[in-house]
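Chemist: Would you mind keeping the following structure in view while I ask a few things?
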Amino acid sequence: MSDASARQPVSIPDLLDRNVALHGGKAAYREKEFGIWQSWTWAEAAEEINALAMGLVALGLEEGDSVAIIGRNRPALYWSMVAAQLCGAIPVPLYQDAVAEEMAYVLEHCGARFVVCGDQEQVDKVIEVQETVSGIDQIVYVDKRGLRKYDHTHMNALEDVQAEGRAGHHRLEPIIAGRRAKVTYDSTCVMLYTSGTTGRPKGVVLSNRNIIETSKNSAEFDHLRAGDEVLAYLPMAWVGDFIFSIGQAMWTGFCVNCPESADTMMTDLREIGPTYFFAPPRVFESQLTNVMIRMEDAGRIKKWLFDRYMRVARDVGPKILDGEAVSAGERFSYWLGNLFVYGPLKNTLGLSRIRVGYTAGEAIGPEIFDFYRGLGINLKQLYGQTEASVFITQQPDGEVRNDTVGVPSPGVELKIDDSGEVYYRSPGTFVEYYKNAESTAGTKDPEGWVATGDAGFIEEDTGHLRIIDRAKDVGKMADGSLFAPKYVENKLKFYPNILEAVVFGAGKDRCVAFINIDLTAVGNWAERNNIAYASYQELSQHPQVLETINAHLNEVNASVAQDDMLSGCQVHRFLVLHKELDADDGEMTRTRKVRRAVIAEKFDDLVEALYAGKDEIYTETEVTYEDGRKGSIKATLKLMDAEVVPVSSGKVAAE
Amino acid sequence: MKDTVDPYVTEDGRQIGGVLMEMKNITLRFGGVVAIKDISFDIREGEVRAIIGPNGAGKSSMLNVISGFYNPQEGEVFYKGEKRPPMRPYQVARLGIARTFQNIALFDGMSVLDNIMTGRLNHMKAGMWKQAIWKGAAEREETENREAVEKVIDFLEIQAIRKTPVGRLPYGLKKRVELARALSAEPSLLLLDEPMAGMNVEEKEDMSRFILDVNDEFGTTIALIEHDMGVVMDLSDRVVVMDYGKKIGDGTPDEVRNNQEVIDAYLGVSHD
């Protein structure tokens, strides 16, 4: 790095100062509002952040206080995090779609004194939480709408707080400077609550060292630089968003763009055309599903052109990306394809300018992965977790494969223990779980090795890490063979018709599965085939839908049977669930990972019926609506048999 | 109900002002059919006023009298203290009265944005020549109007469909776009003709929220016709009940709910 400021930056505010010096006039934040992209340069952003910090001090924010931040991605909320750090306080971003009860636990646990809310919806939840949690002193909100008549004795609009800060800057500046002088490289930078597939969320404390080192290493790994553009649309409470939109943005000085609302994300993506993009597999999946559905409705010539050149893309595209040898004929064909199909398609998807794209969190289907890479989009996989400040392994350019998660990120050491669990040690390794020494000790050993909870192995010839499943989910079936539900679920989820799958079978003699249909894909199919349905529930039990899903399961069983180790995981019986698995009902985490134990308990009658060999079962399920009210849905579900490929026994005994 | 016309503040802190519009002894006939028979009531500034009644009670006719579409044979309409002469609809619009329709009247082929822009018609002053030259006055005006429209779009949370042709939208959203168009006119009186008709529970809840927010945030006076009693009772400050063209009740939702004549009209009464 060129040396703009005299001292080595030890905190995010230091990086901000450096960016003002280096890139003062370049765009730092953009947000679409009232139909127009509003932008702030680094210099302007720094002024806003400083004013806010001074305002917060004037309101009584003390060093070491927790400042909870709740809302959709907006520059003002990112500024609040940096402003809190300027005040010597600790930002704690929360999941905005959490219901009040969930929020209460985190707000109480982190002891938040200040809460910065995006809008009225969040303010209402915090006020509800205040009935049971006493520590919250001040609420600051960004969007004034609907809040005019609230009791403002302990509540202020963010811009008013800033105005107060600006007015009192002579008095407040020295206080901020004094607090900043005390911040070190090992001070807490941020506290992030893990969504927790099991039990209560835990507060992961990350230091300035964790965040800055990780951001530096990962930015250098992918040659990120000022002038890059990202779209900030993933939950602010998620560690990835903190690293991408604050850590790496502050380190490199690239621009963070916030969409107008959650619904406009796709339009905004297209308008911004990010150069660096992160999305969970789900986003890529639904984008691909949309493209395919729309191509079904396209004219014959267009459809022919699309099909023809997508074949070329699949064969040639990844090779070109990986720098492999490609014949002149293939190259010409790909060039034509780019002219007619890939270029316009990428433009429509908003992916024309992508230099680096990442996906993580879940396995991504091979055909989805190949589709994007075929288009010439440098989509890669990474493996990480909150406790590691995201990065554990990632795929270097030119070594991208669908079935691995890449090589250790710079500065990360890996080891696999006897049971197959993956351990890592890195500069990004978290400090501790807040107020939970027991869990900290259980996860991180004195030498700094952290258990990931995932089982995997390192491929000997490439050095790439492959993840099999969650270590605790990998179990044994009754006959002692390996049970890895995720392996089968992922295979199932690669079918566009299947949104989610949950496989059971630990300790049993055979596996059974729950399936969630994908309403977009199946609904479109129903429309094209003139199949009428009144509800998700009805569609899910339609005989033809069940037949299709049954065919998918047969195919997956055939594929699973080919793996010697996992052939016992073939699904014998299954049902299609009458409701979508939902985070509001506790069936999934907020990052949309299935909570196996919760589902097994909640639907135990269904699992039992599957094993009992019944053909049909009547069930009632409690559901929680977005506003927290509860209701129930009743349904009669069909239980189906899947074809199982017989596996020759005997080879197991050789072990 | 307050009988005086002194301004007061409601329980939830909204300012209710003096009388904005007054109907005095309105009678409306279509040939031999008497649609409205000698009805008087008023609408006060800042309130949500509902007109309810069974099918064929004359509610829509009443709304059309308020909006100036029908001219009653008898009776007088006072608006902002002055007697309103018979008018053409565009003249009424210029007075600051905007409305939505029971069976959506949007331009299907135009985008949501353009549809809402049409609501700004009365705020556009530049003539044909200025528009043709574009630079200067016309451009400035377009920017101002677009800004006003974007605020409404933001308020009603329809950013995602800004550029979508209205014809492609589902019913509930079309209703919202219609409300947006009426709002963009910055009316002092907003007339809503069955804003919830044909909606499911969730859409009704959304719409109710928006109606209350409009009233609360901009202080817009709202007169609405609605079938759904639950919605009306929750939304409105005062309710007029009509039956067979006559007024049978007028007052707060509670007063109206306990009015025997109203109960009879809604639940039916035995004629023995």
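Chain labels run A, B, ... following the order of the structure tokens; each chain numbers its residues from 1, and ligands are numbered from 1 in the order shown.
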Could the residues of chain A that have an atom at most 9 Å from chain B be listed as CSV, each with its closest atom pair and the distance in Å to one decimal, counting only C-alpha atoms and ordered by chain and ascending residue number?

Modeler:
```
residue,atom,partner,partner_atom,distance
A:Glu33,CA,B:Asp154,CA,8.1
A:Phe34,CA,B:Glu150,CA,4.9
A:Gly35,CA,B:Glu150,CA,6.5
A:Arg145,CA,B:Glu217,CA,7.7
A:Gly146,CA,B:Glu217,CA,7.0
A:Arg148,CA,B:Glu217,CA,8.5
A:Lys149,CA,B:Gly13,CA,7.3
A:Glu260,CA,B:Gln159,CA,7.5
A:Ser261,CA,B:Gln159,CA,7.5
A:Ala262,CA,B:Ala160,CA,8.7
A:Asp263,CA,B:Ala160,CA,5.6
A:Thr264,CA,B:Ala160,CA,4.8
A:Met265,CA,B:Ala160,CA,8.5
A:Thr267,CA,B:Ala160,CA,8.0
```

Chemist: Residues near Glu271 in chain A, anyone? I mean within 10 Å using only C-alpha atoms, not counting same-chain ones fewer than 5 positions away, as a list in words.

Modeler: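 Residues near the query, excluding close chain neighbours: Trp37, Pro259, Met265, Met266, Asn347, Thr348, Leu349 and Gly350 of chain A.
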
Chemist: Which residues come within 10 Å of range 195-212 of chain B, counting only C-alpha atoms, excluding same-chain residues fewer than 5 positions away, as JSON, numbers by chain?

Modeler: {"B": [48, 100, 101, 102, 103, 104, 155, 156, 157, 171, 172, 173, 175, 176, 178, 179, 217, 219, 220, 222, 224, 225, 226, 227, 228, 231, 232, 234, 235, 236]}

Chemist: At a cut-off of 12 Å, using only C-alpha atoms, what residues contact range 297-310 of chain A? Leave out same-chain residues fewer than 3 positions from it and give the result as a PyMOL selection string.

Modeler: chain A and resi 290-294+313-317+330+332-345+367+370-376+524-525+527-528

Chemist: According to DSSP computed on the backbone, where in range 141-270 of chain A is there alpha helix (DSSP H)? Give the residues as a PyMOL selection string.

Modeler: chain A and resi 158-167+169-182+208-221+239-242+249-252+265-270

Chemist: Tell me, as a PyMOL selection string, which residues lie within 7 Å of Lys476 in chain A, counting only C-alpha atoms; anything in the same chain fewer than 6 positions away does not count.

Modeler: chain A and resi 482-483+506-507

Chemist: Suppose we keep all heavy atoms; can you now write the selection as a compact mmCIF listing (two decimals), in the first residue's frame?

Modeler:
```txt
# COMPACT_ATOMS: atom_id res chain seq x y z
N LEU A 482 -22.13 -45.25 6.43
CA LEU A 482 -22.07 -43.80 6.62
C LEU A 482 -23.38 -43.13 6.21
O LEU A 482 -23.97 -43.46 5.18
CB LEU A 482 -20.92 -43.26 5.77
CG LEU A 482 -20.38 -41.89 6.14
CD1 LEU A 482 -19.83 -41.89 7.55
CD2 LEU A 482 -19.29 -41.50 5.15
N PHE A 483 -23.84 -42.19 7.05
CA PHE A 483 -25.05 -41.44 6.72
C PHE A 483 -24.68 -39.96 6.59
O PHE A 483 -24.32 -39.31 7.57
CB PHE A 483 -26.08 -41.65 7.83
CG PHE A 483 -27.29 -40.76 7.70
CD1 PHE A 483 -28.15 -40.88 6.61
CD2 PHE A 483 -27.57 -39.79 8.66
CE1 PHE A 483 -29.26 -40.06 6.48
CE2 PHE A 483 -28.67 -38.96 8.53
CZ PHE A 483 -29.52 -39.10 7.44
N ALA A 506 -30.45 -41.37 10.36
CA ALA A 506 -29.40 -41.74 11.30
C ALA A 506 -29.93 -42.83 12.24
O ALA A 506 -31.00 -42.67 12.84
CB ALA A 506 -28.95 -40.52 12.10
N GLY A 507 -29.20 -43.91 12.35
CA GLY A 507 -29.58 -44.98 13.27
C GLY A 507 -30.70 -45.87 12.74
O GLY A 507 -31.15 -46.78 13.43
```

Chemist: With DSSP run on the backbone, what are the strand (DSSP E) residues within range 9-255 of chain B? I'd like them as a compact mmCIF listing (two decimals) with N, CA, C and O atoms, in the first residue's frame.

Modeler:
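The file below, part_16.txt, is the result:
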```txt
# COMPACT_ATOMS: atom_id res chain seq x y z
N VAL B 9 -58.25 17.62 18.39
CA VAL B 9 -57.22 16.62 18.09
C VAL B 9 -57.74 15.25 18.48
O VAL B 9 -58.27 15.06 19.57
N GLN B 15 -54.92 16.15 13.71
CA GLN B 15 -55.60 17.43 13.80
C GLN B 15 -56.86 17.40 12.93
O GLN B 15 -56.77 17.14 11.74
N ILE B 16 -58.01 17.58 13.53
CA ILE B 16 -59.23 17.67 12.73
C ILE B 16 -59.66 19.13 12.70
O ILE B 16 -59.84 19.75 13.75
N VAL B 19 -65.07 22.55 8.75
CA VAL B 19 -65.77 21.84 7.68
C VAL B 19 -65.11 22.14 6.34
O VAL B 19 -64.92 23.30 5.98
N LEU B 20 -64.76 21.10 5.61
CA LEU B 20 -64.13 21.27 4.29
C LEU B 20 -65.21 21.26 3.22
O LEU B 20 -65.21 22.06 2.30
N MET B 21 -66.15 20.34 3.36
CA MET B 21 -67.20 20.21 2.36
C MET B 21 -68.52 19.94 3.07
O MET B 21 -68.57 19.18 4.03
N GLU B 22 -69.56 20.59 2.59
CA GLU B 22 -70.85 20.37 3.21
C GLU B 22 -71.89 20.06 2.14
O GLU B 22 -71.97 20.75 1.13
N MET B 23 -72.68 19.02 2.35
CA MET B 23 -73.77 18.68 1.45
C MET B 23 -75.05 19.09 2.15
O MET B 23 -75.28 18.68 3.29
N LYS B 24 -75.84 19.90 1.44
CA LYS B 24 -77.09 20.34 2.08
C LYS B 24 -78.28 19.87 1.28
O LYS B 24 -78.45 20.26 0.13
N ASN B 25 -79.10 19.03 1.88
CA ASN B 25 -80.36 18.56 1.30
C ASN B 25 -80.23 18.12 -0.15
O ASN B 25 -80.96 18.58 -1.03
N ILE B 26 -79.28 17.21 -0.38
CA ILE B 26 -79.03 16.76 -1.75
C ILE B 26 -80.10 15.75 -2.18
O ILE B 26 -80.38 14.78 -1.48
N THR B 27 -80.69 16.00 -3.34
CA THR B 27 -81.58 15.01 -3.95
C THR B 27 -81.12 14.81 -5.39
O THR B 27 -80.89 15.78 -6.11
N LEU B 28 -80.96 13.54 -5.77
CA LEU B 28 -80.50 13.23 -7.12
C LEU B 28 -81.47 12.24 -7.75
O LEU B 28 -81.80 11.22 -7.15
N ARG B 29 -81.97 12.59 -8.93
CA ARG B 29 -82.92 11.70 -9.61
C ARG B 29 -82.39 11.30 -10.97
O ARG B 29 -81.74 12.09 -11.65
N PHE B 30 -82.64 10.07 -11.34
CA PHE B 30 -82.42 9.64 -12.73
C PHE B 30 -83.79 9.32 -13.28
O PHE B 30 -84.34 8.25 -12.99
N VAL B 33 -86.33 7.51 -11.05
CA VAL B 33 -85.65 6.86 -9.92
C VAL B 33 -84.97 7.90 -9.04
O VAL B 33 -84.21 8.74 -9.52
N VAL B 34 -85.26 7.85 -7.77
CA VAL B 34 -84.61 8.77 -6.84
C VAL B 34 -83.42 8.04 -6.21
O VAL B 34 -83.60 7.11 -5.42
N ALA B 35 -82.22 8.45 -6.63
CA ALA B 35 -81.01 7.77 -6.15
C ALA B 35 -80.62 8.27 -4.77
O ALA B 35 -80.19 7.50 -3.91
N ILE B 36 -80.76 9.57 -4.58
CA ILE B 36 -80.40 10.17 -3.29
C ILE B 36 -81.56 11.05 -2.87
O ILE B 36 -82.06 11.86 -3.66
N LYS B 37 -81.99 10.88 -1.64
CA LYS B 37 -83.18 11.60 -1.18
C LYS B 37 -82.84 12.51 0.00
O LYS B 37 -82.59 12.01 1.09
N ASP B 38 -82.71 13.80 -0.26
CA ASP B 38 -82.61 14.80 0.81
C ASP B 38 -81.55 14.46 1.86
O ASP B 38 -81.85 14.30 3.03
N ILE B 39 -80.33 14.36 1.39
CA ILE B 39 -79.25 14.00 2.33
C ILE B 39 -78.37 15.20 2.65
O ILE B 39 -78.01 15.97 1.76
N SER B 40 -78.04 15.36 3.93
CA SER B 40 -77.11 16.41 4.36
C SER B 40 -76.04 15.79 5.24
O SER B 40 -76.35 14.97 6.10
N PHE B 41 -74.84 16.15 4.99
CA PHE B 41 -73.75 15.82 5.94
C PHE B 41 -72.53 16.65 5.58
O PHE B 41 -72.52 17.35 4.55
N ASP B 42 -71.52 16.61 6.41
CA ASP B 42 -70.33 17.39 6.11
C ASP B 42 -69.07 16.54 6.23
O ASP B 42 -69.10 15.45 6.80
N ILE B 43 -68.02 17.04 5.63
CA ILE B 43 -66.71 16.39 5.73
C ILE B 43 -65.77 17.42 6.32
O ILE B 43 -65.70 18.55 5.81
N ARG B 44 -65.09 17.05 7.37
CA ARG B 44 -64.20 18.03 8.02
C ARG B 44 -62.75 17.81 7.61
O ARG B 44 -62.35 16.70 7.29
N VAL B 48 -61.12 11.06 8.23
CA VAL B 48 -61.45 9.97 7.31
C VAL B 48 -62.95 9.74 7.46
O VAL B 48 -63.43 9.37 8.53
N ARG B 49 -63.66 10.03 6.38
CA ARG B 49 -65.12 9.98 6.42
C ARG B 49 -65.57 8.84 5.54
O ARG B 49 -65.17 8.76 4.36
N ALA B 50 -66.38 7.95 6.09
CA ALA B 50 -66.82 6.81 5.27
C ALA B 50 -68.29 6.94 4.94
O ALA B 50 -69.07 7.48 5.71
N ILE B 51 -68.64 6.47 3.75
CA ILE B 51 -70.05 6.36 3.38
C ILE B 51 -70.31 4.87 3.17
O ILE B 51 -69.67 4.24 2.33
N ILE B 52 -71.22 4.32 3.97
CA ILE B 52 -71.49 2.90 3.81
C ILE B 52 -72.98 2.67 3.56
O ILE B 52 -73.80 3.56 3.73
N GLU B 74 -81.67 18.90 -6.60
CA GLU B 74 -81.95 19.78 -5.47
C GLU B 74 -80.77 19.75 -4.51
O GLU B 74 -80.05 18.77 -4.46
N GLY B 75 -80.66 20.82 -3.75
CA GLY B 75 -79.63 20.85 -2.72
C GLY B 75 -78.39 21.61 -3.16
O GLY B 75 -78.23 21.96 -4.33
N GLU B 76 -77.53 21.86 -2.20
CA GLU B 76 -76.34 22.67 -2.47
C GLU B 76 -75.10 21.97 -1.92
O GLU B 76 -75.16 21.29 -0.91
N VAL B 77 -74.00 22.18 -2.61
CA VAL B 77 -72.72 21.66 -2.14
C VAL B 77 -71.81 22.84 -1.81
O VAL B 77 -71.61 23.72 -2.64
N PHE B 78 -71.32 22.89 -0.58
CA PHE B 78 -70.39 23.95 -0.18
C PHE B 78 -68.99 23.35 -0.07
O PHE B 78 -68.81 22.31 0.56
N TYR B 79 -68.03 24.00 -0.70
CA TYR B 79 -66.65 23.52 -0.62
C TYR B 79 -65.78 24.65 -0.11
O TYR B 79 -65.80 25.75 -0.68
N GLU B 82 -67.59 27.93 0.34
CA GLU B 82 -68.30 28.59 -0.75
C GLU B 82 -69.21 27.63 -1.48
O GLU B 82 -68.88 26.45 -1.63
N LYS B 83 -70.31 28.14 -1.95
CA LYS B 83 -71.23 27.29 -2.69
C LYS B 83 -70.60 26.92 -4.02
O LYS B 83 -70.08 27.77 -4.74
N ILE B 97 -59.65 18.12 -5.68
CA ILE B 97 -60.35 16.89 -5.32
C ILE B 97 -59.87 15.79 -6.26
O ILE B 97 -59.95 15.94 -7.48
N ALA B 98 -59.35 14.70 -5.69
CA ALA B 98 -58.87 13.59 -6.52
C ALA B 98 -59.61 12.33 -6.11
O ALA B 98 -60.12 12.24 -5.00
N ARG B 99 -59.68 11.36 -7.02
CA ARG B 99 -60.44 10.16 -6.69
C ARG B 99 -59.81 8.89 -7.29
O ARG B 99 -59.01 8.95 -8.21
N THR B 100 -60.24 7.76 -6.74
CA THR B 100 -59.94 6.48 -7.38
C THR B 100 -61.27 5.86 -7.76
O THR B 100 -62.32 6.32 -7.31
N LEU B 189 -58.85 16.94 -0.91
CA LEU B 189 -59.87 15.94 -0.59
C LEU B 189 -59.67 14.74 -1.50
O LEU B 189 -59.62 14.88 -2.72
N LEU B 190 -59.52 13.57 -0.88
CA LEU B 190 -59.27 12.36 -1.64
C LEU B 190 -60.49 11.46 -1.54
O LEU B 190 -60.94 11.13 -0.45
N LEU B 191 -61.06 11.10 -2.70
CA LEU B 191 -62.24 10.24 -2.70
C LEU B 191 -61.84 8.82 -3.12
O LEU B 191 -61.23 8.64 -4.17
N LEU B 192 -62.19 7.85 -2.32
CA LEU B 192 -61.84 6.47 -2.64
C LEU B 192 -63.12 5.65 -2.81
O LEU B 192 -63.89 5.50 -1.87
N ASP B 193 -63.30 5.13 -4.02
CA ASP B 193 -64.51 4.35 -4.29
C ASP B 193 -64.20 2.87 -4.12
O ASP B 193 -63.54 2.27 -4.95
N THR B 221 -57.62 14.97 3.71
CA THR B 221 -58.97 14.57 4.06
C THR B 221 -59.40 13.45 3.13
O THR B 221 -59.18 13.53 1.92
N ILE B 222 -59.99 12.42 3.68
CA ILE B 222 -60.35 11.26 2.85
C ILE B 222 -61.82 10.92 3.03
O ILE B 222 -62.32 10.84 4.16
N ALA B 223 -62.54 10.80 1.90
CA ALA B 223 -63.90 10.28 1.95
C ALA B 223 -63.89 8.97 1.21
O ALA B 223 -63.39 8.90 0.10
N LEU B 224 -64.41 7.91 1.82
CA LEU B 224 -64.35 6.63 1.14
C LEU B 224 -65.67 5.88 1.23
O LEU B 224 -66.43 6.03 2.17
N ILE B 225 -65.88 5.07 0.21
CA ILE B 225 -67.02 4.17 0.20
C ILE B 225 -66.47 2.80 0.41
O ILE B 225 -65.45 2.45 -0.19
N ARG B 238 -65.66 9.27 11.17
CA ARG B 238 -67.12 9.37 11.18
C ARG B 238 -67.69 8.62 9.98
O ARG B 238 -67.05 8.54 8.93
N VAL B 239 -68.87 8.12 10.14
CA VAL B 239 -69.48 7.29 9.11
C VAL B 239 -70.88 7.80 8.78
O VAL B 239 -71.65 8.13 9.68
N VAL B 240 -71.20 7.88 7.47
CA VAL B 240 -72.58 8.14 7.04
C VAL B 240 -73.14 6.82 6.55
O VAL B 240 -72.50 6.13 5.77
N VAL B 241 -74.32 6.46 7.02
CA VAL B 241 -74.93 5.22 6.55
C VAL B 241 -76.11 5.54 5.67
O VAL B 241 -76.97 6.33 6.04
N MET B 242 -76.13 4.93 4.48
CA MET B 242 -77.24 5.17 3.56
C MET B 242 -78.01 3.88 3.32
O MET B 242 -77.45 2.79 3.38
N ASP B 243 -79.28 4.02 3.06
CA ASP B 243 -80.09 2.87 2.67
C ASP B 243 -81.20 3.38 1.78
O ASP B 243 -81.89 4.36 2.14
N LYS B 246 -81.54 7.10 1.29
CA LYS B 246 -81.75 7.99 2.44
C LYS B 246 -80.60 7.83 3.43
O LYS B 246 -79.98 6.78 3.50
N LYS B 247 -80.39 8.88 4.21
CA LYS B 247 -79.39 8.76 5.26
C LYS B 247 -80.06 8.17 6.48
O LYS B 247 -81.07 8.70 6.95
N ILE B 248 -79.55 7.07 7.01
CA ILE B 248 -80.18 6.48 8.19
C ILE B 248 -79.28 6.56 9.41
O ILE B 248 -79.71 6.23 10.51
N GLY B 249 -78.05 7.01 9.22
CA GLY B 249 -77.18 7.13 10.39
C GLY B 249 -76.00 8.02 10.07
O GLY B 249 -75.61 8.15 8.91
N ASP B 250 -75.46 8.65 11.06
CA ASP B 250 -74.31 9.53 10.87
C ASP B 250 -73.63 9.71 12.23
O ASP B 250 -74.27 10.11 13.18
N GLY B 251 -72.37 9.37 12.31
CA GLY B 251 -71.67 9.55 13.58
C GLY B 251 -70.39 8.75 13.63
O GLY B 251 -69.92 8.24 12.61
```

Chemist: Kindly give the distance, in Å, that separates CA of Asn257 in chain A and CA of Asn402 in chain A, rounded to a single decimal.

Modeler: 29.0 Å

Chemist: Could you pull the residues within 10 Å of range 51-63 of chain A, counting only C-alpha atoms, minus those fewer than 4 positions along the same chain, as a VMD selection string?

Modeler: chain A and resid 45 to 47 67 76 79 to 90 113 to 114 137 to 138 140 154 156 158 to 176 179 to 180

Chemist: For the selection just defined, write its residues with C-alpha atoms to a file, as a compact mmCIF listing (two decimals), in the first residue's frame.

Modeler:
```
# COMPACT_ATOMS: atom_id res chain seq x y z
CA ALA A 45 -18.99 10.01 3.78
CA ALA A 46 -16.28 10.82 6.32
CA GLU A 47 -18.00 14.11 7.12
CA VAL A 67 -24.73 -0.10 19.49
CA ALA A 76 -26.60 5.61 6.84
CA TRP A 79 -22.00 4.95 8.68
CA SER A 80 -23.56 4.20 12.05
CA MET A 81 -21.25 1.24 12.46
CA VAL A 82 -18.15 3.29 11.72
CA ALA A 83 -19.47 6.17 13.84
CA ALA A 84 -19.92 3.80 16.76
CA GLN A 85 -16.33 2.66 16.33
CA LEU A 86 -15.21 6.30 16.30
CA CYS A 87 -16.91 6.73 19.67
CA GLY A 88 -15.08 3.72 21.07
CA ALA A 89 -18.34 1.76 21.08
CA ILE A 90 -18.99 -1.64 19.51
CA ARG A 113 -27.59 0.92 25.06
CA PHE A 114 -28.13 2.51 21.67
CA ASP A 137 -31.42 3.95 26.40
CA GLN A 138 -31.64 5.67 23.02
CA VAL A 140 -31.96 6.52 16.53
CA HIS A 154 -35.34 8.79 24.11
CA ASN A 156 -34.08 10.81 17.61
CA LEU A 158 -30.38 10.19 12.58
CA GLU A 159 -30.11 13.47 10.70
CA ASP A 160 -31.06 15.39 13.84
CA VAL A 161 -28.34 13.56 15.75
CA GLN A 162 -25.89 14.54 13.03
CA ALA A 163 -27.05 18.17 13.15
CA GLU A 164 -26.49 18.23 16.87
CA GLY A 165 -23.06 16.74 16.40
CA ARG A 166 -22.15 19.35 13.80
CA ALA A 167 -23.40 22.16 16.03
CA GLY A 168 -21.28 21.01 18.94
CA HIS A 169 -18.15 20.04 17.04
CA HIS A 170 -15.80 22.33 19.00
CA ARG A 171 -16.81 20.62 22.20
CA LEU A 172 -17.13 17.08 20.80
CA GLU A 173 -14.12 16.73 18.51
CA PRO A 174 -11.57 16.51 21.35
CA ILE A 175 -13.66 13.82 23.06
CA ILE A 176 -13.69 11.70 19.89
CA ARG A 179 -11.28 8.01 22.52
CA ARG A 180 -9.65 7.18 19.21
```

Chemist: Within 9 Å of Glu141 in chain B, counting only C-alpha atoms, which residues qualify if same-chain residues fewer than 2 places away don't, as a PyMOL selection string?

Modeler: chain B and resi 123-126+136-139+143-146

Chemist: Write a file of the just-selected residues containing N, CA and C atoms, as a PDB file, in the first residue's frame.

Modeler:
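The result, written out as out.pdb:
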```
ATOM      1  N   HIS B 123     -50.557  20.324 -12.178  1.00  0.00           N
ATOM      2  CA  HIS B 123     -49.368  21.034 -11.702  1.00  0.00           C
ATOM      3  C   HIS B 123     -48.445  21.376 -12.863  1.00  0.00           C
ATOM      4  N   MET B 124     -48.884  21.056 -14.071  1.00  0.00           N
ATOM      5  CA  MET B 124     -48.058  21.352 -15.236  1.00  0.00           C
ATOM      6  C   MET B 124     -48.601  22.592 -15.931  1.00  0.00           C
ATOM      7  N   LYS B 125     -47.755  23.599 -16.055  1.00  0.00           N
ATOM      8  CA  LYS B 125     -48.216  24.872 -16.598  1.00  0.00           C
ATOM      9  C   LYS B 125     -47.667  25.120 -18.013  1.00  0.00           C
ATOM     10  N   ALA B 126     -46.518  24.493 -18.309  1.00  0.00           N
ATOM     11  CA  ALA B 126     -45.874  24.797 -19.587  1.00  0.00           C
ATOM     12  C   ALA B 126     -46.763  24.404 -20.765  1.00  0.00           C
ATOM     13  N   GLY B 136     -35.230  24.495 -20.345  1.00  0.00           N
ATOM     14  CA  GLY B 136     -35.741  25.619 -19.563  1.00  0.00           C
ATOM     15  C   GLY B 136     -36.968  25.222 -18.774  1.00  0.00           C
ATOM     16  N   ALA B 137     -38.032  26.017 -18.940  1.00  0.00           N
ATOM     17  CA  ALA B 137     -39.217  25.884 -18.086  1.00  0.00           C
ATOM     18  C   ALA B 137     -39.790  24.466 -18.076  1.00  0.00           C
ATOM     19  N   ALA B 138     -39.992  23.907 -19.271  1.00  0.00           N
ATOM     20  CA  ALA B 138     -40.652  22.611 -19.354  1.00  0.00           C
ATOM     21  C   ALA B 138     -39.836  21.523 -18.656  1.00  0.00           C
ATOM     22  N   GLU B 139     -38.532  21.568 -18.860  1.00  0.00           N
ATOM     23  CA  GLU B 139     -37.660  20.559 -18.261  1.00  0.00           C
ATOM     24  C   GLU B 139     -37.671  20.667 -16.729  1.00  0.00           C
ATOM     25  N   THR B 143     -38.970  17.894 -13.955  1.00  0.00           N
ATOM     26  CA  THR B 143     -38.157  17.432 -12.828  1.00  0.00           C
ATOM     27  C   THR B 143     -38.919  17.569 -11.514  1.00  0.00           C
ATOM     28  N   GLU B 144     -39.556  18.733 -11.343  1.00  0.00           N
ATOM     29  CA  GLU B 144     -40.313  18.948 -10.106  1.00  0.00           C
ATOM     30  C   GLU B 144     -41.423  17.917  -9.955  1.00  0.00           C
ATOM     31  N   ASN B 145     -42.127  17.682 -11.056  1.00  0.00           N
ATOM     32  CA  ASN B 145     -43.243  16.745 -11.000  1.00  0.00           C
ATOM     33  C   ASN B 145     -42.764  15.323 -10.768  1.00  0.00           C
ATOM     34  N   ARG B 146     -41.665  14.990 -11.415  1.00  0.00           N
ATOM     35  CA  ARG B 146     -41.118  13.654 -11.225  1.00  0.00           C
ATOM     36  C   ARG B 146     -40.726  13.457  -9.767  1.00  0.00           C
TER      37      ARG B 146
END
```

Chemist: For CA of Arg84 in chain B and CA of Pro253 in chain B, determine how far apart the two atoms are, in Å to one decimal place.

Modeler: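 These two atoms are separated by 28.9 Å.
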
Chemist: Looking at B:Asn215, B:Gln260, B:Ser60, B:Thr118, which one is nearest to Ser184 in chain B, with distances taken over only C-alpha atoms?

Modeler: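 Looking only at the distances to Ser184 in chain B, the closest residue turns out to be B:Thr118.
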
Chemist: Pick out the closest residue to Tyr95 in chain A from this set: A:Ala583, A:Val256, A:Ile599, A:Val356. Count only C-alpha atoms.

Modeler: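 Answer, going by the shortest atom-to-atom distance: A:Ala583.
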
Chemist: Find, counting only C-alpha atoms, the residue in A:Val123, A:Val598, A:Ala513, A:Leu637 that gets nearest to Leu147 in chain A.

Modeler: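 The shortest atom-to-atom distance to Leu147 in chain A comes from A:Val123.
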